[in-house]
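Student: Structure file target27.txt (compact mmCIF, C-alpha atoms) right here:
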```txt
# COMPACT_ATOMS: atom_id res chain seq x y z
CA MET A 1 80.93 91.84 180.71
CA PRO A 2 84.40 91.07 182.11
CA GLU A 3 85.50 87.51 181.73
CA GLN A 4 85.78 85.50 184.92
CA VAL A 5 86.57 81.86 184.82
CA GLY A 6 84.89 80.32 187.87
CA ARG A 7 86.83 79.09 190.87
CA ALA A 8 86.95 79.87 194.54
CA PRO A 9 89.34 82.65 195.67
CA GLY A 10 92.85 81.30 196.26
CA GLU A 11 92.03 77.99 194.54
CA ALA A 12 94.46 76.78 191.86
CA GLY A 13 93.12 76.50 188.34
CA SER A 14 91.78 78.91 185.78
CA PRO A 15 92.65 82.58 186.27
CA HIS A 16 90.33 85.43 187.21
CA ARG A 17 90.52 87.99 184.44
CA TRP A 18 89.45 91.53 183.62
CA ASP A 19 89.72 93.04 180.14
CA ALA A 20 89.11 96.59 178.97
CA PRO A 21 86.26 96.87 176.45
CA GLY A 22 87.18 95.53 173.01
CA TRP A 23 87.16 99.01 171.48
CA ALA A 24 89.57 100.55 174.04
CA LEU A 25 92.90 99.30 172.69
CA PRO A 26 92.26 100.01 168.96
CA PHE A 27 90.71 103.37 169.87
CA THR A 28 93.75 104.38 171.97
CA VAL A 29 96.25 103.30 169.31
CA GLY A 30 94.17 105.00 166.60
CA VAL A 31 93.96 108.32 168.46
CA LEU A 32 97.69 108.31 169.24
CA GLY A 33 98.48 107.43 165.61
CA PHE A 34 96.23 110.25 164.39
CA LEU A 35 98.03 112.69 166.74
CA VAL A 36 101.44 111.54 165.49
CA LEU A 37 100.33 112.04 161.87
CA GLY A 38 98.85 115.46 162.70
CA GLY A 39 102.03 116.43 164.52
CA ALA A 40 104.15 115.44 161.52
CA ILE A 41 102.01 117.52 159.15
CA VAL A 42 101.98 120.56 161.45
CA SER A 43 105.74 120.23 162.08
CA GLY A 44 106.43 120.32 158.34
CA ARG A 45 104.34 123.45 157.85
CA VAL A 46 105.88 125.21 160.84
CA ALA A 47 109.39 124.32 159.64
CA GLU A 48 108.64 126.05 156.33
CA ARG A 49 107.53 129.25 158.09
CA GLY A 50 110.08 129.15 160.91
CA ASP A 51 108.23 131.48 163.32
CA ALA A 52 109.08 131.21 167.04
CA PHE A 53 105.49 130.67 168.25
CA GLY A 54 104.96 127.83 165.78
CA ILE A 55 108.21 126.16 166.80
CA ALA A 56 107.28 126.44 170.50
CA PHE A 57 103.86 124.96 169.73
CA VAL A 58 105.37 122.01 167.85
CA VAL A 59 107.89 121.33 170.63
CA ALA A 60 105.07 121.37 173.21
CA TRP A 61 102.92 119.13 170.97
CA TRP A 62 105.63 116.47 170.68
CA ALA A 63 106.46 116.62 174.40
CA ILE A 64 102.81 116.18 175.41
CA LEU A 65 102.32 113.47 172.81
CA ALA A 66 105.42 111.58 173.99
CA TRP A 67 104.13 111.71 177.58
CA ASN A 68 100.75 110.31 176.50
CA VAL A 69 102.30 107.61 174.31
CA TYR A 70 104.46 106.52 177.25
CA TRP A 71 101.47 106.23 179.60
CA PHE A 72 98.94 104.69 177.23
CA ILE A 73 101.32 102.29 175.49
CA PHE A 74 103.68 101.28 178.31
CA ARG A 75 101.84 101.88 181.60
CA VAL A 76 98.02 101.76 181.46
CA ALA A 77 96.89 98.13 181.70
CA TYR A 78 94.15 96.84 179.43
CA ARG A 79 94.17 93.34 180.99
CA LEU A 80 94.47 92.06 184.56
CA GLU A 81 94.71 88.38 185.32
CA LEU A 82 95.00 86.76 188.74
CA ARG A 83 96.79 83.42 188.48
CA GLY A 84 97.22 81.79 191.86
CA GLU A 85 98.53 84.57 194.09
CA THR A 86 100.09 86.69 191.33
CA LEU A 87 98.38 89.54 189.51
CA HIS A 88 99.58 89.73 185.90
CA TRP A 89 98.95 92.98 183.99
CA ARG A 90 99.32 93.84 180.35
CA ALA A 91 99.64 97.15 178.50
CA PRO A 92 100.02 97.37 174.70
CA LEU A 93 103.84 97.19 174.79
CA ALA A 94 104.55 96.19 178.39
CA ARG A 95 103.56 93.58 180.91
CA GLY A 96 104.37 92.72 184.47
CA GLU A 97 103.25 90.98 187.59
CA LEU A 98 102.58 91.83 191.21
CA PRO A 99 102.50 89.32 194.04
CA ALA A 100 98.98 89.68 195.50
CA ARG A 101 100.32 90.02 199.04
CA SER A 102 102.61 92.93 198.00
CA ILE A 103 99.67 95.15 196.94
CA THR A 104 99.43 98.05 199.38
CA ALA A 105 96.49 100.02 197.96
CA VAL A 106 93.94 100.34 195.19
CA SER A 107 93.34 104.04 194.59
CA VAL A 108 90.05 105.21 193.14
CA PRO A 109 89.85 108.98 192.56
CA LYS A 110 86.70 110.83 193.57
CA GLY A 111 84.37 112.05 190.85
CA GLN A 112 83.84 110.68 187.36
CA SER A 113 87.40 109.57 186.55
CA PRO A 114 87.52 105.92 185.47
CA MET A 115 91.19 105.62 186.51
CA VAL A 116 92.09 103.04 189.18
CA THR A 117 95.68 102.64 190.37
CA ILE A 118 97.00 99.44 191.92
CA ARG A 119 99.98 100.16 194.18
CA SER A 120 102.50 97.60 195.35
CA ALA A 121 105.49 97.67 197.69
CA GLY A 122 108.75 97.85 195.75
CA ARG A 123 107.15 97.83 192.29
CA ARG A 124 105.76 100.45 189.96
CA SER A 125 102.07 101.20 190.20
CA VAL A 126 99.64 99.80 187.63
CA PRO A 127 97.08 102.31 186.31
CA VAL A 128 93.88 100.84 184.85
CA PHE A 129 90.96 102.56 183.18
CA GLY A 130 88.07 100.89 184.98
CA HIS A 131 85.51 101.33 182.18
CA ARG A 132 84.07 98.05 183.38
CA SER A 133 83.80 96.61 186.85
CA LEU A 134 87.11 95.33 188.20
CA SER A 135 85.37 93.10 190.74
CA SER A 136 86.16 89.92 188.76
CA VAL A 137 89.79 90.43 189.82
CA LEU A 138 89.39 92.53 192.97
CA GLN A 139 87.13 90.07 194.82
CA PRO A 140 89.57 87.14 194.64
CA LEU A 141 92.47 89.53 195.36
CA HIS A 142 90.61 90.73 198.46
CA ALA A 143 90.36 87.11 199.65
CA ILE A 144 94.17 86.84 199.41
CA ASN A 145 95.05 90.36 200.61
CA PRO A 146 92.44 92.25 202.70
CA VAL A 147 94.08 95.59 201.81
CA VAL A 148 92.59 95.23 198.32
CA PRO A 149 88.94 96.34 198.22
CA ALA A 150 86.50 93.76 196.85
CA THR A 151 85.00 96.40 194.56
CA THR A 152 85.68 99.91 193.28
CA ASP A 153 81.96 100.77 193.62
CA ARG A 154 81.98 101.50 189.91
CA ARG A 155 78.93 99.87 188.32
CA ASP A 156 79.54 96.77 190.47
```
Show me the file's structure as structure tokens.
Tutor:
Amino acid sequence: MPEQVGRAPGEAGSPHRWDAPGWALPFTVGVLGFLVLGGAIVSGRVAERGDAFGIAFVVAWWAILAWNVYWFIFRVAYRLELRGETLHWRAPLARGELPARSITAVSVPKGQSPMVTIRSAGRRSVPVFGHRSLSSVLQPLHAINPVVPATTDRRD
């Protein structure tokens, strides 16, 4: 269950917080580490053979892996915390904050995707995997900024 320290929306005091499940961060880092190790092994074998298809495959592997490392290590938030009127987010190697009143949208794709994107004027978007309900943060955000939905209708 997401942690929420009780207080009324907009009231000073303890923050409202959402955390990804405890397994999410180690799982993500483990999978990316496994893919880096696999890529290193495959790259060594392809370098020995030197065939064009193998080289193209290895180049594509590293490009796709770099893209995923960027997103999952620097962009996808595993923690959201509303302190006062500022939403603080944290990814494994990045963190930032969004003034609650600057949030322009919370995008929830149709279908089974757990991805939720928090958009803000003049700042980069914050993607979140909503494995768990985000209502512990969205409800108090909604009280501050009505553009933010109170729920994502995802197991809320």
Student: Restricting the calculation to only C-alpha atoms, which member of A:Ala91, A:Val148, A:Ala143, A:Val42 is positioned closest to A:Phe74?
Tutor: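 So, comparing all the options, the nearest one is A:Ala91.
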Student: Determine the nearest neighbour of A:Asp19 from the options A:Leu80, A:Leu98, A:Val59, A:Ala121, counting all atoms listed in the file.
Tutor: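 Closest to A:Asp19 of all the choices is A:Leu80.
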Student: Leaving out A:Val76 and any residue of its chain fewer than 4 positions from it, which residues lie within 10 Å of it when counting only C-alpha atoms, given as a ChimeraX atom specification?
Tutor: /A:70-72,89-95,115-117,125-129
Student: Nearest to A:Tyr78: which of A:Pro109, A:Pro146, A:Gly22, A:Gly39 is it, counting all atoms listed in the file?
Tutor: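 Of A:Pro109, A:Pro146, A:Gly22, A:Gly39, the one nearest A:Tyr78 is A:Gly22, counting all atoms listed in the file.
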Student: May I ask for the distance between atom CA of A:Ile41 and atom CA of A:Ala24, given in Å to one decimal place?
Tutor: 25.8 Å
Student: Could you give me, as a tab-separated table, every stretch 54-131 of chain A residue with an atom at most 10 Å from stretch 26-34 of chain A, plus its closest atom pair and distance in Å to one decimal, counting only C-alpha atoms, rows ordered by chain then number?
Tutor:
```
residue	atom	partner	partner_atom	distance
A:Leu65	CA	A:Leu32	CA	7.8
A:Ala66	CA	A:Leu32	CA	9.6
A:Asn68	CA	A:Leu32	CA	8.1
A:Val69	CA	A:Leu32	CA	6.9
A:Phe72	CA	A:Thr28	CA	7.4
A:Ile73	CA	A:Val29	CA	8.1
A:Pro92	CA	A:Val29	CA	8.9
```
Student: For A:Arg83, which of A:Trp62, A:Trp18, A:Trp67, A:Phe53 is the closest residue, counting all atoms listed in the file?
Tutor: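 Nearest candidate to A:Arg83 out of A:Trp62, A:Trp18, A:Trp67, A:Phe53: A:Trp18.
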Student: Using all atoms listed in the file, which of the listed residues (A:Ala47, A:Glu97, A:Glu81, A:Arg119) sits closest to A:Leu134?
Tutor: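 Using all atoms listed in the file, the shortest distance to A:Leu134 belongs to A:Glu81.
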Student: Record the distance separating atom CA of A:Ala20 and atom CA of A:Pro140, expressed in Å with one decimal.
Tutor: 18.3 Å
Student: Rank nothing, just name the residue among A:Pro21, A:Asn145, A:Ala52, A:Ser14 nearest to A:Arg79, using only C-alpha atoms.
Tutor: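 Looking only at the distances to A:Arg79, the closest residue turns out to be A:Pro21.
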Student: Tell me, in Å to one decimal, how far atom CA of A:Ser43 is from atom CA of A:Ile55.
Tutor: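 Computing it gives 8.0 Å between the two atoms.
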Student: Excluding A:Ala100 and residues on its chain fewer than 5 positions from it, collect all residues at most 8 Å away from it, counting all atoms listed in the file, and give them as an mmCIF file with C-alpha atoms, in the coordinates of the input.
Tutor:
```cif
data_model
loop_
_atom_site.group_PDB
_atom_site.id
_atom_site.type_symbol
_atom_site.label_atom_id
_atom_site.label_comp_id
_atom_site.auth_asym_id
_atom_site.auth_seq_id
_atom_site.Cartn_x
_atom_site.Cartn_y
_atom_site.Cartn_z
ATOM 1 C CA GLU A 85 98.530 84.570 194.090
ATOM 2 C CA THR A 86 100.090 86.690 191.330
ATOM 3 C CA LEU A 87 98.380 89.540 189.510
ATOM 4 C CA LEU A 141 92.470 89.530 195.360
ATOM 5 C CA ILE A 144 94.170 86.840 199.410
ATOM 6 C CA ASN A 145 95.050 90.360 200.610
#
```
